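**Student:** Just one file: protein.cif, with mmCIF, C-alpha atoms and all ligand atoms; chains and numbers go by the auth columns.
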```cif
data_coords
#
loop_
_atom_site.group_PDB
_atom_site.id
_atom_site.type_symbol
_atom_site.label_atom_id
_atom_site.label_comp_id
_atom_site.label_asym_id
_atom_site.label_seq_id
_atom_site.Cartn_x
_atom_site.Cartn_y
_atom_site.Cartn_z
_atom_site.B_iso_or_equiv
_atom_site.auth_seq_id
_atom_site.auth_asym_id
ATOM 1 C CA MET A 1 -3.956 -19.491 4.751 0.00 1 A
ATOM 2 C CA ARG A 2 -5.795 -18.758 8.011 0.00 2 A
ATOM 3 C CA LEU A 3 -6.461 -15.484 9.792 0.00 3 A
ATOM 4 C CA TYR A 4 -6.967 -15.612 13.568 0.00 4 A
ATOM 5 C CA ASP A 5 -9.260 -12.680 13.857 0.00 5 A
ATOM 6 C CA TYR A 6 -11.396 -10.638 16.279 0.00 6 A
ATOM 7 C CA SER A 7 -14.175 -9.024 14.278 0.00 7 A
ATOM 8 C CA ALA A 8 -14.350 -5.760 16.299 0.00 8 A
ATOM 9 C CA SER A 9 -10.619 -5.087 16.038 0.00 9 A
ATOM 10 C CA CYS A 10 -9.435 -2.590 13.448 0.00 10 A
ATOM 11 C CA ASN A 11 -6.002 -4.247 13.563 0.00 11 A
ATOM 12 C CA CYS A 12 -7.738 -7.362 12.254 0.00 12 A
ATOM 13 C CA TYR A 13 -9.889 -5.320 9.863 0.00 13 A
ATOM 14 C CA LYS A 14 -6.769 -3.869 8.201 0.00 14 A
ATOM 15 C CA VAL A 15 -5.732 -7.404 7.224 0.00 15 A
ATOM 16 C CA ARG A 16 -9.256 -8.373 6.086 0.00 16 A
ATOM 17 C CA LEU A 17 -9.351 -5.225 3.936 0.00 17 A
ATOM 18 C CA LEU A 18 -6.053 -6.025 2.206 0.00 18 A
ATOM 19 C CA LEU A 19 -6.981 -9.686 1.707 0.00 19 A
ATOM 20 C CA ALA A 20 -10.254 -8.593 0.078 0.00 20 A
ATOM 21 C CA GLN A 21 -8.429 -6.145 -2.178 0.00 21 A
ATOM 22 C CA LEU A 22 -5.875 -8.786 -3.148 0.00 22 A
ATOM 23 C CA GLY A 23 -8.667 -11.285 -3.826 0.00 23 A
ATOM 24 C CA ARG A 24 -6.858 -13.861 -1.669 0.00 24 A
ATOM 25 C CA ALA A 25 -8.833 -16.812 -0.296 0.00 25 A
ATOM 26 C CA TYR A 26 -8.373 -17.539 3.403 0.00 26 A
ATOM 27 C CA GLU A 27 -10.048 -19.217 6.343 0.00 27 A
ATOM 28 C CA ARG A 28 -11.173 -16.850 9.053 0.00 28 A
ATOM 29 C CA VAL A 29 -10.761 -18.271 12.566 0.00 29 A
ATOM 30 C CA PRO A 30 -12.768 -16.207 15.080 0.00 30 A
ATOM 31 C CA VAL A 31 -10.921 -15.357 18.301 0.00 31 A
ATOM 32 C CA ASP A 32 -13.042 -13.867 21.085 0.00 32 A
ATOM 33 C CA ILE A 33 -10.380 -11.923 22.961 0.00 33 A
ATOM 34 C CA PHE A 34 -12.794 -11.163 25.805 0.00 34 A
ATOM 35 C CA ALA A 35 -13.732 -14.826 26.298 0.00 35 A
ATOM 36 C CA GLY A 36 -10.147 -15.739 27.176 0.00 36 A
ATOM 37 C CA ASP A 37 -9.369 -17.195 23.726 0.00 37 A
ATOM 38 C CA THR A 38 -5.931 -15.529 23.632 0.00 38 A
ATOM 39 C CA LEU A 39 -5.014 -16.645 27.166 0.00 39 A
ATOM 40 C CA THR A 40 -4.508 -20.336 26.339 0.00 40 A
ATOM 41 C CA ASP A 41 -1.156 -22.121 25.934 0.00 41 A
ATOM 42 C CA GLU A 42 -2.150 -22.965 22.357 0.00 42 A
ATOM 43 C CA TYR A 43 -2.624 -19.308 21.523 0.00 43 A
ATOM 44 C CA ALA A 44 0.680 -18.327 23.164 0.00 44 A
ATOM 45 C CA ALA A 45 2.421 -20.891 20.970 0.00 45 A
ATOM 46 C CA MET A 46 1.100 -19.022 17.901 0.00 46 A
ATOM 47 C CA ASN A 47 1.704 -15.567 19.325 0.00 47 A
ATOM 48 C CA PRO A 48 3.431 -15.068 22.698 0.00 48 A
ATOM 49 C CA ALA A 49 2.105 -11.490 22.788 0.00 49 A
ATOM 50 C CA ARG A 50 -1.437 -13.009 22.785 0.00 50 A
ATOM 51 C CA THR A 51 -2.800 -10.395 20.392 0.00 51 A
ATOM 52 C CA THR A 52 -4.905 -10.603 17.263 0.00 52 A
ATOM 53 C CA PRO A 53 -4.525 -10.765 14.291 0.00 53 A
ATOM 54 C CA VAL A 54 -2.274 -13.734 13.557 0.00 54 A
ATOM 55 C CA LEU A 55 -1.786 -15.087 10.037 0.00 55 A
ATOM 56 C CA GLU A 56 -1.066 -18.784 9.538 0.00 56 A
ATOM 57 C CA THR A 57 0.636 -19.490 6.233 0.00 57 A
ATOM 58 C CA ASP A 58 -0.196 -22.498 4.085 0.00 58 A
ATOM 59 C CA ASP A 59 2.974 -24.214 5.325 0.00 59 A
ATOM 60 C CA GLY A 60 1.922 -23.783 8.974 0.00 60 A
ATOM 61 C CA ARG A 61 3.993 -20.786 10.073 0.00 61 A
ATOM 62 C CA PHE A 62 2.475 -18.049 12.253 0.00 62 A
ATOM 63 C CA LEU A 63 2.881 -14.310 11.724 0.00 63 A
ATOM 64 C CA PRO A 64 1.482 -11.905 14.367 0.00 64 A
ATOM 65 C CA GLU A 65 1.407 -8.071 14.189 0.00 65 A
ATOM 66 C CA SER A 66 -1.094 -6.549 11.792 0.00 66 A
ATOM 67 C CA ASN A 67 1.385 -4.384 9.924 0.00 67 A
ATOM 68 C CA ALA A 68 3.905 -7.222 9.522 0.00 68 A
ATOM 69 C CA ILE A 69 1.045 -9.220 8.015 0.00 69 A
ATOM 70 C CA LEU A 70 0.189 -6.356 5.640 0.00 70 A
ATOM 71 C CA PHE A 71 3.847 -6.148 4.604 0.00 71 A
ATOM 72 C CA TYR A 72 4.064 -9.913 4.035 0.00 72 A
ATOM 73 C CA LEU A 73 0.884 -10.077 1.964 0.00 73 A
ATOM 74 C CA ALA A 74 1.667 -6.966 -0.095 0.00 74 A
ATOM 75 C CA GLN A 75 5.086 -8.087 -1.346 0.00 75 A
ATOM 76 C CA GLY A 76 5.136 -8.395 -5.122 0.00 76 A
ATOM 77 C CA THR A 77 1.835 -6.521 -5.469 0.00 77 A
ATOM 78 C CA PRO A 78 0.985 -2.883 -6.309 0.00 78 A
ATOM 79 C CA PHE A 79 0.201 -2.322 -2.602 0.00 79 A
ATOM 80 C CA LEU A 80 3.943 -2.194 -1.778 0.00 80 A
ATOM 81 C CA PRO A 81 6.244 -0.027 -3.932 0.00 81 A
ATOM 82 C CA GLU A 82 9.481 -1.487 -5.314 0.00 82 A
ATOM 83 C CA ASP A 83 11.364 1.811 -5.093 0.00 83 A
ATOM 84 C CA PRO A 84 13.579 1.588 -1.963 0.00 84 A
ATOM 85 C CA LEU A 85 12.728 5.036 -0.645 0.00 85 A
ATOM 86 C CA GLU A 86 8.998 4.614 -1.233 0.00 86 A
ATOM 87 C CA ARG A 87 9.156 1.206 0.433 0.00 87 A
ATOM 88 C CA ALA A 88 10.860 2.835 3.432 0.00 88 A
ATOM 89 C CA GLU A 89 8.149 5.510 3.441 0.00 89 A
ATOM 90 C CA VAL A 90 5.567 2.738 3.716 0.00 90 A
ATOM 91 C CA VAL A 91 7.436 1.367 6.750 0.00 91 A
ATOM 92 C CA ARG A 92 7.509 4.895 8.185 0.00 92 A
ATOM 93 C CA TRP A 93 3.692 5.056 8.138 0.00 93 A
ATOM 94 C CA LEU A 94 3.294 1.493 9.406 0.00 94 A
ATOM 95 C CA VAL A 95 5.427 2.451 12.424 0.00 95 A
ATOM 96 C CA TYR A 96 3.622 5.769 12.931 0.00 96 A
ATOM 97 C CA GLU A 97 0.266 4.015 12.863 0.00 97 A
ATOM 98 C CA GLN A 98 1.360 1.708 15.673 0.00 98 A
ATOM 99 C CA THR A 99 3.024 4.337 17.838 0.00 99 A
ATOM 100 C CA ASP A 100 0.705 7.304 17.338 0.00 100 A
ATOM 101 C CA VAL A 101 -2.616 6.376 15.718 0.00 101 A
ATOM 102 C CA ILE A 102 -3.530 3.281 17.723 0.00 102 A
ATOM 103 C CA PRO A 103 -2.787 4.438 21.292 0.00 103 A
ATOM 104 C CA THR A 104 -4.675 7.709 20.746 0.00 104 A
ATOM 105 C CA MET A 105 -7.866 7.314 18.720 0.00 105 A
ATOM 106 C CA GLY A 106 -7.822 3.495 18.617 0.00 106 A
ATOM 107 C CA GLY A 107 -7.317 3.037 22.330 0.00 107 A
ATOM 108 C CA LEU A 108 -9.780 5.813 23.159 0.00 108 A
ATOM 109 C CA ARG A 109 -12.516 4.417 20.901 0.00 109 A
ATOM 110 C CA PHE A 110 -12.257 0.956 22.462 0.00 110 A
ATOM 111 C CA ARG A 111 -12.284 2.225 26.038 0.00 111 A
ATOM 112 C CA LEU A 112 -15.194 4.631 25.513 0.00 112 A
ATOM 113 C CA LEU A 113 -17.329 2.177 23.533 0.00 113 A
ATOM 114 C CA VAL A 114 -17.062 -0.595 26.119 0.00 114 A
ATOM 115 C CA GLY A 115 -17.288 1.598 29.208 0.00 115 A
ATOM 116 C CA ARG A 116 -13.692 1.309 30.394 0.00 116 A
ATOM 117 C CA LEU A 117 -13.277 5.116 30.379 0.00 117 A
ATOM 118 C CA THR A 118 -15.571 8.115 30.442 0.00 118 A
ATOM 119 C CA THR A 119 -14.780 11.196 28.370 0.00 119 A
ATOM 120 C CA ASP A 120 -13.658 13.239 31.391 0.00 120 A
ATOM 121 C CA ASP A 121 -11.212 10.638 32.714 0.00 121 A
ATOM 122 C CA PRO A 122 -7.615 12.031 32.544 0.00 122 A
ATOM 123 C CA ASP A 123 -6.543 9.050 30.438 0.00 123 A
ATOM 124 C CA ALA A 124 -9.370 9.739 27.955 0.00 124 A
ATOM 125 C CA VAL A 125 -8.488 13.447 27.832 0.00 125 A
ATOM 126 C CA ARG A 126 -4.826 12.621 27.190 0.00 126 A
ATOM 127 C CA ARG A 127 -5.671 10.126 24.447 0.00 127 A
ATOM 128 C CA LYS A 128 -8.064 12.583 22.791 0.00 128 A
ATOM 129 C CA GLU A 129 -5.466 15.382 22.806 0.00 129 A
ATOM 130 C CA GLY A 130 -3.025 12.983 21.175 0.00 130 A
ATOM 131 C CA ALA A 131 -5.627 11.946 18.600 0.00 131 A
ATOM 132 C CA LEU A 132 -6.259 15.566 17.615 0.00 132 A
ATOM 133 C CA GLU A 133 -2.515 16.130 17.149 0.00 133 A
ATOM 134 C CA VAL A 134 -2.270 13.025 14.974 0.00 134 A
ATOM 135 C CA LEU A 135 -5.270 14.035 12.862 0.00 135 A
ATOM 136 C CA ARG A 136 -3.814 17.532 12.380 0.00 136 A
ATOM 137 C CA LEU A 137 -0.528 15.994 11.187 0.00 137 A
ATOM 138 C CA LEU A 138 -2.324 13.599 8.826 0.00 138 A
ATOM 139 C CA ASP A 139 -4.559 16.354 7.485 0.00 139 A
ATOM 140 C CA ASP A 140 -1.604 18.652 6.803 0.00 140 A
ATOM 141 C CA TYR A 141 0.296 15.811 5.127 0.00 141 A
ATOM 142 C CA LEU A 142 -2.649 15.013 2.855 0.00 142 A
ATOM 143 C CA ALA A 143 -3.068 18.651 1.812 0.00 143 A
ATOM 144 C CA THR A 144 -0.730 18.082 -1.139 0.00 144 A
ATOM 145 C CA ARG A 145 -1.117 14.328 -1.677 0.00 145 A
ATOM 146 C CA ASP A 146 -3.836 11.857 -2.637 0.00 146 A
ATOM 147 C CA PHE A 147 -2.239 8.930 -0.768 0.00 147 A
ATOM 148 C CA PHE A 148 0.432 8.503 1.901 0.00 148 A
ATOM 149 C CA VAL A 149 3.247 7.173 -0.301 0.00 149 A
ATOM 150 C CA GLY A 150 3.958 8.027 -3.926 0.00 150 A
ATOM 151 C CA ASP A 151 0.874 8.729 -5.961 0.00 151 A
ATOM 152 C CA ARG A 152 -1.089 5.572 -5.309 0.00 152 A
ATOM 153 C CA TYR A 153 -2.886 3.489 -2.714 0.00 153 A
ATOM 154 C CA THR A 154 -0.542 1.262 -0.685 0.00 154 A
ATOM 155 C CA ILE A 155 -0.576 -0.635 2.603 0.00 155 A
ATOM 156 C CA ALA A 156 0.385 2.667 4.265 0.00 156 A
ATOM 157 C CA ASP A 157 -3.152 3.823 3.440 0.00 157 A
ATOM 158 C CA VAL A 158 -4.658 0.508 4.573 0.00 158 A
ATOM 159 C CA ALA A 159 -2.872 0.774 7.926 0.00 159 A
ATOM 160 C CA ILE A 160 -3.702 4.426 8.631 0.00 160 A
ATOM 161 C CA TYR A 161 -7.307 4.001 7.471 0.00 161 A
ATOM 162 C CA GLY A 162 -7.958 1.127 9.906 0.00 162 A
ATOM 163 C CA TYR A 163 -8.480 3.226 13.033 0.00 163 A
ATOM 164 C CA THR A 164 -8.800 6.747 11.616 0.00 164 A
ATOM 165 C CA HIS A 165 -12.004 5.965 9.710 0.00 165 A
ATOM 166 C CA LEU A 166 -13.738 5.220 13.020 0.00 166 A
ATOM 167 C CA ALA A 167 -12.233 8.122 15.001 0.00 167 A
ATOM 168 C CA HIS A 168 -15.709 9.669 15.231 0.00 168 A
ATOM 169 C CA GLU A 169 -16.663 6.691 17.436 0.00 169 A
ATOM 170 C CA ALA A 170 -14.046 8.000 19.888 0.00 170 A
ATOM 171 C CA GLY A 171 -16.052 11.217 20.174 0.00 171 A
ATOM 172 C CA ILE A 172 -13.803 13.083 17.744 0.00 172 A
ATOM 173 C CA ASP A 173 -15.351 15.709 15.465 0.00 173 A
ATOM 174 C CA MET A 174 -13.875 15.031 12.023 0.00 174 A
ATOM 175 C CA GLY A 175 -15.195 18.345 10.668 0.00 175 A
ATOM 176 C CA PRO A 176 -11.824 20.165 10.837 0.00 176 A
ATOM 177 C CA TYR A 177 -10.009 17.424 8.902 0.00 177 A
ATOM 178 C CA ALA A 178 -11.261 17.939 5.336 0.00 178 A
ATOM 179 C CA ASN A 179 -8.171 16.410 3.708 0.00 179 A
ATOM 180 C CA VAL A 180 -8.485 13.263 5.811 0.00 180 A
ATOM 181 C CA ARG A 181 -12.205 13.030 4.958 0.00 181 A
ATOM 182 C CA ALA A 182 -11.458 13.409 1.220 0.00 182 A
ATOM 183 C CA TRP A 183 -8.799 10.688 1.544 0.00 183 A
ATOM 184 C CA PHE A 184 -11.373 8.406 3.280 0.00 184 A
ATOM 185 C CA GLU A 185 -13.489 8.750 0.134 0.00 185 A
ATOM 186 C CA ARG A 186 -10.534 7.893 -2.103 0.00 186 A
ATOM 187 C CA VAL A 187 -9.776 4.796 -0.010 0.00 187 A
ATOM 188 C CA GLU A 188 -13.441 3.767 -0.095 0.00 188 A
ATOM 189 C CA ARG A 189 -13.458 3.963 -3.918 0.00 189 A
ATOM 190 C CA GLN A 190 -10.563 1.474 -4.241 0.00 190 A
ATOM 191 C CA PRO A 191 -11.432 -1.863 -5.918 0.00 191 A
ATOM 192 C CA GLY A 192 -12.331 -4.593 -3.451 0.00 192 A
ATOM 193 C CA TYR A 193 -12.954 -2.188 -0.572 0.00 193 A
ATOM 194 C CA VAL A 194 -14.865 -3.728 2.357 0.00 194 A
ATOM 195 C CA GLU A 195 -15.852 -2.426 5.772 0.00 195 A
ATOM 196 C CA ASP A 196 -16.889 -5.200 8.132 0.00 196 A
ATOM 197 C CA VAL A 197 -15.812 -4.003 11.600 0.00 197 A
ATOM 198 C CA GLU A 198 -18.360 -5.368 14.077 0.00 198 A
ATOM 199 C CA PRO A 199 -19.412 -3.818 17.396 0.00 199 A
ATOM 200 C CA TYR A 200 -17.644 -4.981 20.565 0.00 200 A
ATOM 201 C CA GLY A 201 -19.472 -7.782 22.372 0.00 201 A
ATOM 202 C CA ALA A 202 -21.001 -7.290 25.816 0.00 202 A
ATOM 203 C CA ASN A 203 -18.104 -9.298 27.293 0.00 203 A
ATOM 204 C CA ALA A 204 -15.705 -6.426 26.391 0.00 204 A
ATOM 205 C CA ALA A 205 -17.100 -4.374 29.279 0.00 205 A
ATOM 206 C CA PRO A 206 -14.846 -4.183 32.359 0.00 206 A
ATOM 207 C CA GLY A 207 -15.183 -7.271 34.523 0.00 207 A
ATOM 208 C CA ALA A 208 -17.528 -9.005 32.057 0.00 208 A
ATOM 209 C CA GLY A 209 -14.959 -11.226 30.358 0.00 209 A
ATOM 210 C CA ARG A 210 -11.424 -12.552 30.524 0.00 210 A
ATOM 211 C CA SER A 211 -8.688 -10.917 28.447 0.00 211 A
ATOM 212 C CA LEU A 212 -5.300 -9.229 28.559 0.00 212 A
ATOM 213 C CA TYR A 213 -7.191 -6.058 29.509 0.00 213 A
ATOM 214 C CA ASP A 214 -8.781 -7.549 32.663 0.00 214 A
HETATM 215 N N1 LIG B . 0.559 -4.322 17.556 0.00 1 B
HETATM 216 C C1 LIG B . -0.457 -5.322 17.453 0.00 1 B
HETATM 217 C C2 LIG B . -1.622 -4.945 18.362 0.00 1 B
HETATM 218 C C3 LIG B . -2.700 -5.989 18.322 0.00 1 B
HETATM 219 C C4 LIG B . -3.722 -5.812 19.411 0.00 1 B
HETATM 220 O O1 LIG B . -3.570 -5.057 20.388 0.00 1 B
HETATM 221 N N2 LIG B . -4.782 -6.570 19.251 0.00 1 B
HETATM 222 C C5 LIG B . -5.854 -6.561 20.236 0.00 1 B
HETATM 223 C C6 LIG B . -7.165 -6.323 19.506 0.00 1 B
HETATM 224 S S1 LIG B . -7.147 -4.785 18.645 0.00 1 B
HETATM 225 C C7 LIG B . -5.884 -7.923 20.905 0.00 1 B
HETATM 226 O O2 LIG B . -5.934 -8.917 20.220 0.00 1 B
HETATM 227 N N3 LIG B . -5.799 -8.024 22.238 0.00 1 B
HETATM 228 C C8 LIG B . -5.768 -9.327 22.877 0.00 1 B
HETATM 229 C C9 LIG B . -6.427 -9.462 24.195 0.00 1 B
HETATM 230 O O3 LIG B . -6.892 -8.488 24.734 0.00 1 B
HETATM 231 O O4 LIG B . -6.551 -10.566 24.716 0.00 1 B
HETATM 232 C C10 LIG B . -0.939 -5.474 16.010 0.00 1 B
HETATM 233 O O5 LIG B . -0.946 -4.470 15.287 0.00 1 B
HETATM 234 O O6 LIG B . -1.296 -6.580 15.607 0.00 1 B
#
```
Just give me the structure as structure tokens.
Ligand SMILES: N[C@@H](CCC(=O)N[C@@H](CS)C(=O)NCC(=O)O)C(=O)O

**Tutor:**
Amino acid sequence: MRLYDYSASCNCYKVRLLLAQLGRAYERVPVDIFAGDTLTDEYAAMNPARTTPVLETDDGRFLPESNAILFYLAQGTPFLPEDPLERAEVVRWLVYEQTDVIPTMGGLRFRLLVGRLTTDDPDAVRRKEGALEVLRLLDDYLATRDFFVGDRYTIADVAIYGYTHLAHEAGIDMGPYANVRAWFERVERQPGYVEDVEPYGANAAPGAGRSLYD
């Protein structure tokens, strides 16, 4: 199994976290998305959306989309409930993470860290307002629960944790979100937990590299 992976991406980190917790062996193939690595014909053949991560199975098939990869890897393990409603709840949070968590705090963190936005830019203000709404929703939801689905850690937690645990790097004060902070600690106590998100390279700055963002 191979993981095509950009080390600063939390979408890729989510998959590395689950693989570590599953104890699965894999080959990590670095993809520098700001050096044009995703713009080649070879990359498009693996993933026409040209995003990372992509998982290559042992029989040579390619699976893009971080949360699809989490779902694939978690089947038959305690990270994905068997109960149909709980399983659907996991999908609910995988979808919410993509539609609401990533564009707000994930997108803001990336753009601020690499100098593509300043905090007073209207796009940054809009993303931050959205991030605060998302964090309020998550904090309220966690007021009566230890984990997002059922009473245990699942890939719903892996997915939501990916970008929320670095929301402070998007200039967000996590002080008001005590339930989210307590949940961070529960996630970080799970067996096999790793945190290996690397800083963005200098080529992630606007005009410094070649990527889908330039
Ligand atoms: N929905 C996708 C989003 C993936 C995504 O946007 N990946 C970014 C890094 S976080 C990327 O690889 N961008 C490619 C590029 O800029 O060339 C997923 O969850 O896998």

**Student:** Counting only C-alpha atoms, which residue out of A:Ala131, A:Leu3, A:Ala143, A:Leu113 sits closest to Tyr163 of chain A?

**Tutor:** A:Ala131

**Student:** Please list as a list of chain:residue names every residue within 9 Å of Cys10 of chain A, counting only C-alpha atoms and excluding residues in the same chain fewer than 6 positions away.

**Tutor:**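 My list of contacting residues is A:Gly106, A:Gly162, A:Tyr163, A:Leu166, A:Val197.
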
**Student:** Just the selected residues (C-alpha atoms), exported as a compact mmCIF listing (two decimals), in the frame of the given file, please.

**Tutor:**
```txt
# COMPACT_ATOMS: atom_id res chain seq x y z
CA GLY A 106 -7.82 3.50 18.62
CA GLY A 162 -7.96 1.13 9.91
CA TYR A 163 -8.48 3.23 13.03
CA LEU A 166 -13.74 5.22 13.02
CA VAL A 197 -15.81 -4.00 11.60
```

**Student:** Which residues are close to Asn11 of chain A, i.e. within 8 Å by all atoms listed in the file, leaving aside same-chain residues fewer than 3 positions away? Reply as a count of residues only.

**Tutor:** 7

**Student:** Please expand the PyMOL selection byres (((not hetatm)) within 10 of (chain B and resi 1)) into the concrete residues it hits in this file, giving the result as number ranges by chain.

**Tutor:** A: 4-15, 31-39, 49-54, 63-70, 94-95, 97-99, 102-103, 106-107, 110, 159, 163, 204, 210-214

**Student:** Just give me the residues with any atom within 6 Å of (-12.9, 8.5, 20.9), file coordinates, counting all atoms listed in the file, written as a list in words.

**Tutor:**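 Taken together, the residues in range are Met105, Leu108, Arg109, Ala167, Glu169, Ala170, Gly171 and Ile172 of chain A.
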